[in-house]
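Below is one structure, written out as C-alpha cells; comments come after it.
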Amino acid sequence: MTEQLVFFFGEGKADGDAKMKHTLGGKGANLAEMTNLGIPVPPGFTISTDCCGYVSKNKTWPKGLDKMVRTALARLEKVAGRKFGDARDPLLVSVRSGAASSMPGMMDTVLNLGLSPQSVKGLAKKTGNPRLAWDSYRRFVNMFGNVVCGVSHELFEEAMAAVKAQHGAQKDLDLDAAAMEDLAKRYLKIFEKATGEAFPSDPWEQLQRAINAVFQSWDNERAVTYRRLNKITGLRGTAVNVQTMVFGNYGDTSATGVCFTRDPSTGENVFYGEFLPNAQGEDVVAGIRTPLPIADIDKHIPGTYEKLIGIKHQLEEHYHDVQDIEFTVQEGELFMLQTRTGKRTGKAAVRIAVEMVKEKLISKKDAIRQVDPAALDQLLHPDFDPHCERKEIGKGLPASPGAASGRIYFSAEDAEAAAARSEAVILVRHETSPEDIGGMHVSKGILTSRGGMTSHAAVVARGMGTCCVAGCGEISIDDKNKTMTSRGITLKEGDWISLDGSLGKVYEGKLPTIDPQFSKEFETLMGWADEKRRLKVRTNADTPKDCEVARRFGAQGIGLCRTEHMFFDEARIMAVREMIVAANKEQRRAALDKLLPHQRSDFIGIFKAMDGLPVTIRLLDPPLHEFLPLTEESQAEVAKSMGVKVDVIRRKVSELHEINPMLGHRGCRLGLTHPEIYEMQVRAIVEAVAACEQEGVKVLPEIMHPLVATRTELTQLRAMTERVIEEVRQESGLKADILIGTMIEVPRAALTADEIAEEADFFSFGTNDLTQMTFGFSRDDTGPILIHYQTTGILDVDPFACLDVTGVGQLVRMAVEKGRKTRRSLKCGICGEHGGDPKSIAFCNEVGLDYVSCSPYRVPIARLAAAQASLGQVTATE
C-alpha cells in the first residue's frame, strides 16, 4: 500500500492527474485533471483504491487513514470558508464511488452529508432558502438510510407520496419549505423505526460510515455482476471521493444535468444532454423526473449554454475522445462534477472515430484504438423490415438504437427466468435501477415509462449495446397485475412487442427483420484496420450462405468447415443412420455411397462461394451416437423408415453408449477404426475441387483431421488422404495442391507438436476442446461452477469465452514453437470460439499465429481486434 492514501484537489491544483486512474479511480483522476486544467470543480479529496481492498479484508481503516482524512477535511474547510458540522454555516459534502473502469450506477453515493437538526436550520438561515435546507436534509436522510443502513427506498417514496397527496402536489417541486420540513421529519422517523437507532447527528460519524458504505458497495451483488458481465478484472477496488456540495436545488437559477460532447447514440457532432432545473444529480440519472434538452438551459439560466460549450471543446481537445460530463449550476455559477469517456453505441463509436480523424483531433491509429471491437457486434445484426406492416402503440425517447422483439416481463427476476428458458425478453419498467442489471443483461430490449436520454436505463443499455426506448410516458404499467396499457391496448406478461431504439417507437407483436447495411464510416474504419493488422481473419462456416455473409464482412477464407453439420439434413440423415447400423464394411460403404453426392455438392457450393480463398474442412468429429435417436418413440420411427426391427436400432444405441463421449470414440479415432467414412469425405472434397476447377473456380483446399494425439495417428490418416487424392487426380486431372493438417486440441498433441508437424502442413488450434481437456472442465456442464469461480475470484473470466493465457495459452505457444522448429513453413491458426474474442486475438498475434477463425458475424470484430493487437492496444494479459 502506498504511503499517500488521500489526494486533495481544489483552487486550480490537485495532488493527482488523469494518469492515476488505478489509484484514484476514474472519477477521482478526472476531477484532479479538470482541476489542473482550470475548469471549475468543487474542491475535495479522493481516498485511494488501495484502501478498499484493505477495508474489505480487515474491516477497519488502514493505519494513518483517519489522520489523513481529517487533515484533508480541515484543508477543505479552509478552502470552502465553512466548517464541517457548523450549526450556522455548515460545510456539506458528497461521498461518491469511482473505480478505474467506469461502472455507472453500480456502486453507492451519499449527497448532502453533514446536516443535522441544528445545522439544517443554520443552512436555512444562512442561505435565506429554507426549502433548499429541508429538501437537502430529506435527501440526505433517504440516501444515508438506504446506502449506509439498508433502509428500503420504497419506505421513503411512500412518505413522499403521502405528503404530495396531503398538499395536492403533482411533483416534489410543488412542495414548499414547510412541506419539505414535514417530509424530512417523517424520513427521520422512518429511519429510526427501520434501524432501531436515532439518525446520527455527528458529521464525523456520518462521514466515516458513508466512506465505509462506499467501499463495501464494491462487493455488492450488482457491482460484482456488472464486472463479470463486462469482463472487468484486476482492479484494486473503488476509490472514495469526498467533495464540497454545490446545490442544483437552490432555486430557479440552479440546475443539474448530464451531457455528452457528441451524440452517444448516432455519433453526430452535436452537444447532447439534458438538465433539470432546481434539482440534484440523482434526479436526472434515476429518471424520476423527465429532464429538459440541454439546448433550452439558457431559457432558465441565461449564459450557461455558452459556458458548457466552451468546456465541451476544452475536454474533447484534451482527452481526444467523447466525454460524458455531469454539472451543477448553483445560482447561475457553473461547476463540473465529473468527466469520463462517454459510453456509446457501436454505430456512434465508428462515426466518432472516423470524424475525429477528419477533424484532425486524432490519428488513424488512434481511431482504430478508440473503438471497442465488441461494440461492432451491434452493427452486424438485422433491423426491422421497413416494408412490413406494424402497429405503433407508443413513442418515447430513442435511448439506445437497434431493433428488438421479445416477450414482455416486468421485473429483472422474471426476465432472467424467462431468458433461462431461451425466451426473447423485453424488460418493461417504470425506470430501471442498478439492481436490475441482471435482467437488463439478458434482455433483447428495454422499455421504460419514465426517464430521459441520460437515465440509468439509457446509459447502461448503450454500454451493453442493447436496444432501449426510455421515457415512454403514454405507457401505463401495472406491476401488480403484470400488464402494460397504451393507446387503448393492454398487454400482459409474455405478450410480444417490438422496440425500435433508433426511433424511440414501440410496436405490438413481433416484426420481421432484414440484413444490416454498413455505413461509409464503417467501411473506412475497417479499411484502416486491415492496413495495420498482421493476422488474417477467416470464418467458421458450413454453408454457402454463411460463406457469403462472412465474405461480405471481410473474411479471408474458412478456418473451420464442420462436415457433421451437413449430415443432419433431412435428405441424408437416413443414409447416415444406415451407415451406423450397418452389419459389415460392405453395407457401410453402400450407405456412404449414398452420402458422397450430397457431400460433394455441399463442398462445391462452399468452394464457389469462397472462390480464391482457402477453405479448411474438418472431417467427421462427433461420436456416431449423436446421429441416432434416443427416445423409444423416435427409435421406432427410424426403424420403420429403415425397414429394420426396432431392436436393431436400440442395440446399436446401446453399443455406442459411452460414459464420457467427448473423450471417446470420435474424431480421428473414428476415421482410423472406420476408414471408409473418412475416405468417402476426402473423395467428396477432392471431386468437388476438380469439378470447381473445370468451371474456372480457384480452390485452395485444406483437409483437417480432428483430435489427433500422436504422430502415428496422423501418419496413417495422411497416407489414406494422399491415396484418395491421387486416385481422384488420376480420374479427373485435378491440378490443385491440397494441404493436409490437424487440429491441436489434445494436450498431448501440443506437447509433441514437433513430432506431429512432420506429418502436418498446418495446425489449427481447437481451443474449445483444448480448454476442456486442460482444465478438466466439461464445457456442457460447468456453467454454474464457472459463475461461482468468477464471483469468488478463483477465475477472472470464463476460460471458454476468453483464452486462458497462462495455462492453455502456454500449450498453444509451445505447439507453435515446436511445430515450426520441425517445419518452418507450418501454417498455424485458431478455430475455437476464442477466435472472435479480442483479448484472445491479442495472444494469437503475440505467439505468431497466421490467422484466427470465428463465426461470420464476428469477422469485423476480429479484424479490428487484430489491428489493435498489431498496434499494441490490447495485450493478452490485460
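Each chain in the C-alpha cells gets a letter, A, B and so on, in the order shown; residues start at 1 in every chain, and ligands are counted from 1 in the order they appear.
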So that I can see what lies close to Lys505 of chain A, please list as a VMD selection string the residues with an atom at most 8 Å from it, counting only C-alpha atoms and leaving out residues fewer than 5 positions away in the same chain.
chain A and resid 392 to 398 469 499 to 500
Contacts of Ala198 of chain A within 9 Å, only C-alpha atoms, excl. fewer than 4 positions in-chain, as an MDAnalysis selection string
chainID A and resid 188:189 191:193
Please, which residues of segment 53-85 of chain A, numbered as in this document, come out alpha helix (DSSP H) from DSSP, as a VMD selection string?
chain A and resid 53 to 58 65 to 80
Can you write just those residues out, C-alpha atoms, as a CSV table (one decimal), in the first residue's frame?
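Written output follows (part-v3.csv):
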```
chain,number,residue,atom,x,y,z
A,53,GLY,CA,-9.3,-3.9,-0.5
A,54,TYR,CA,-7.8,-3.3,2.9
A,55,VAL,CA,-11.1,-2.3,4.5
A,56,SER,CA,-12.9,-5.3,2.8
A,57,LYS,CA,-10.3,-7.7,4.2
A,58,ASN,CA,-9.6,-6.2,7.7
A,65,LEU,CA,-6.0,7.0,7.0
A,66,ASP,CA,-8.1,8.6,9.8
A,67,LYS,CA,-5.5,11.3,10.3
A,68,MET,CA,-5.1,11.9,6.5
A,69,VAL,CA,-8.9,12.3,6.1
A,70,ARG,CA,-9.1,14.7,9.0
A,71,THR,CA,-6.2,16.7,7.6
A,72,ALA,CA,-7.8,16.8,4.1
A,73,LEU,CA,-11.2,17.8,5.6
A,74,ALA,CA,-9.5,20.7,7.5
A,75,ARG,CA,-7.9,21.9,4.3
A,76,LEU,CA,-11.3,21.6,2.6
A,77,GLU,CA,-12.9,23.7,5.3
A,78,LYS,CA,-10.2,26.4,4.8
A,79,VAL,CA,-10.7,26.5,1.0
A,80,ALA,CA,-14.5,26.5,1.3
```
Cut-off 12 Å: closest segment 102-219 of chain A/segment 233-252 of chain A atom pairs per residue, using only C-alpha atoms, as JSON lines:
```
{"residue": "A:Ser102", "atom": "CA", "partner": "A:Thr238", "partner_atom": "CA", "distance": 10.3}
{"residue": "A:Met103", "atom": "CA", "partner": "A:Thr238", "partner_atom": "CA", "distance": 10.1}
{"residue": "A:Met106", "atom": "CA", "partner": "A:Thr238", "partner_atom": "CA", "distance": 11.0}
{"residue": "A:Met107", "atom": "CA", "partner": "A:Thr238", "partner_atom": "CA", "distance": 8.6}
{"residue": "A:Asp108", "atom": "CA", "partner": "A:Val240", "partner_atom": "CA", "distance": 9.8}
{"residue": "A:Thr109", "atom": "CA", "partner": "A:Val240", "partner_atom": "CA", "distance": 9.4}
{"residue": "A:Val110", "atom": "CA", "partner": "A:Val242", "partner_atom": "CA", "distance": 9.7}
{"residue": "A:Leu111", "atom": "CA", "partner": "A:Met245", "partner_atom": "CA", "distance": 7.6}
{"residue": "A:Asn112", "atom": "CA", "partner": "A:Met245", "partner_atom": "CA", "distance": 6.5}
{"residue": "A:Leu113", "atom": "CA", "partner": "A:Met245", "partner_atom": "CA", "distance": 8.5}
{"residue": "A:Gly114", "atom": "CA", "partner": "A:Met245", "partner_atom": "CA", "distance": 10.1}
{"residue": "A:Leu115", "atom": "CA", "partner": "A:Met245", "partner_atom": "CA", "distance": 11.5}
{"residue": "A:Leu123", "atom": "CA", "partner": "A:Tyr250", "partner_atom": "CA", "distance": 11.5}
{"residue": "A:Ala124", "atom": "CA", "partner": "A:Tyr250", "partner_atom": "CA", "distance": 10.9}
{"residue": "A:Thr127", "atom": "CA", "partner": "A:Tyr250", "partner_atom": "CA", "distance": 9.0}
{"residue": "A:Gly128", "atom": "CA", "partner": "A:Tyr250", "partner_atom": "CA", "distance": 10.3}
{"residue": "A:Asn129", "atom": "CA", "partner": "A:Tyr250", "partner_atom": "CA", "distance": 7.6}
{"residue": "A:Pro130", "atom": "CA", "partner": "A:Tyr250", "partner_atom": "CA", "distance": 9.8}
{"residue": "A:Arg131", "atom": "CA", "partner": "A:Tyr250", "partner_atom": "CA", "distance": 8.3}
{"residue": "A:Leu132", "atom": "CA", "partner": "A:Tyr250", "partner_atom": "CA", "distance": 5.5}
{"residue": "A:Ala133", "atom": "CA", "partner": "A:Tyr250", "partner_atom": "CA", "distance": 8.8}
{"residue": "A:Trp134", "atom": "CA", "partner": "A:Asn249", "partner_atom": "CA", "distance": 10.8}
{"residue": "A:Asp135", "atom": "CA", "partner": "A:Asn249", "partner_atom": "CA", "distance": 8.1}
{"residue": "A:Ser136", "atom": "CA", "partner": "A:Asn249", "partner_atom": "CA", "distance": 8.1}
{"residue": "A:Tyr137", "atom": "CA", "partner": "A:Asn249", "partner_atom": "CA", "distance": 11.8}
{"residue": "A:Arg139", "atom": "CA", "partner": "A:Asn249", "partner_atom": "CA", "distance": 11.0}
{"residue": "A:Phe140", "atom": "CA", "partner": "A:Met245", "partner_atom": "CA", "distance": 11.8}
{"residue": "A:Asp172", "atom": "CA", "partner": "A:Asn249", "partner_atom": "CA", "distance": 11.3}
{"residue": "A:Leu173", "atom": "CA", "partner": "A:Asn249", "partner_atom": "CA", "distance": 9.5}
{"residue": "A:Asp176", "atom": "CA", "partner": "A:Gly251", "partner_atom": "CA", "distance": 11.6}
{"residue": "A:Ala177", "atom": "CA", "partner": "A:Gly251", "partner_atom": "CA", "distance": 11.8}
{"residue": "A:Leu207", "atom": "CA", "partner": "A:Val242", "partner_atom": "CA", "distance": 9.0}
{"residue": "A:Gln208", "atom": "CA", "partner": "A:Val242", "partner_atom": "CA", "distance": 11.1}
{"residue": "A:Ala210", "atom": "CA", "partner": "A:Val240", "partner_atom": "CA", "distance": 9.6}
{"residue": "A:Ile211", "atom": "CA", "partner": "A:Val240", "partner_atom": "CA", "distance": 6.7}
{"residue": "A:Asn212", "atom": "CA", "partner": "A:Val240", "partner_atom": "CA", "distance": 9.2}
{"residue": "A:Ala213", "atom": "CA", "partner": "A:Val240", "partner_atom": "CA", "distance": 9.9}
{"residue": "A:Val214", "atom": "CA", "partner": "A:Val240", "partner_atom": "CA", "distance": 6.8}
{"residue": "A:Phe215", "atom": "CA", "partner": "A:Thr238", "partner_atom": "CA", "distance": 6.4}
{"residue": "A:Gln216", "atom": "CA", "partner": "A:Thr238", "partner_atom": "CA", "distance": 9.1}
{"residue": "A:Ser217", "atom": "CA", "partner": "A:Thr238", "partner_atom": "CA", "distance": 8.5}
{"residue": "A:Trp218", "atom": "CA", "partner": "A:Thr238", "partner_atom": "CA", "distance": 6.2}
{"residue": "A:Asp219", "atom": "CA", "partner": "A:Gly237", "partner_atom": "CA", "distance": 8.8}
```
Do you know which residues are at most 8 Å from Ile294 of chain A counting only C-alpha atoms, after dropping those on the same chain fewer than 2 positions away, and could you put them as an MDAnalysis selection string?
chainID A and resid 257 259 272:275 292 296:297 305
Pull C-alpha atoms from the residues just selected and write them as a PDB file, in the first residue's frame.
```
ATOM      1  CA  GLY A 257     -27.517  17.939 -15.797  1.00  0.00           C
ATOM      2  CA  CYS A 259     -24.212  15.828 -21.163  1.00  0.00           C
ATOM      3  CA  TYR A 272     -26.107  16.263 -26.386  1.00  0.00           C
ATOM      4  CA  GLY A 273     -27.637  16.180 -22.967  1.00  0.00           C
ATOM      5  CA  GLU A 274     -30.356  17.043 -20.504  1.00  0.00           C
ATOM      6  CA  PHE A 275     -30.865  19.062 -17.359  1.00  0.00           C
ATOM      7  CA  LEU A 292     -35.272  19.038 -20.494  1.00  0.00           C
ATOM      8  CA  ASP A 296     -33.017  25.006 -23.575  1.00  0.00           C
ATOM      9  CA  ILE A 297     -30.931  25.724 -20.471  1.00  0.00           C
ATOM     10  CA  TYR A 305     -25.058  27.045 -22.593  1.00  0.00           C
TER      11      TYR A 305
END
```
Which residues of segment 437-499 of chain A come within 9 Å of segment 333-344 of chain A, and what is each one's closest atom pair and distance in Å (one decimal), counting only C-alpha atoms, sorted by chain and residue number, as a tab-separated table?
```
residue	atom	partner	partner_atom	distance
A:Val459	CA	A:Lys343	CA	7.3
A:Val460	CA	A:Lys343	CA	8.5
A:Arg462	CA	A:Arg344	CA	5.8
A:Gly463	CA	A:Lys343	CA	5.5
A:Gly465	CA	A:Arg344	CA	8.3
```
Between A:Met356, A:Leu624, A:Val581, A:Met484, which residue has the minimum interatomic distance to Glu564 of chain A, considering only C-alpha atoms?
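So, comparing all the options, the nearest one is A:Leu624.
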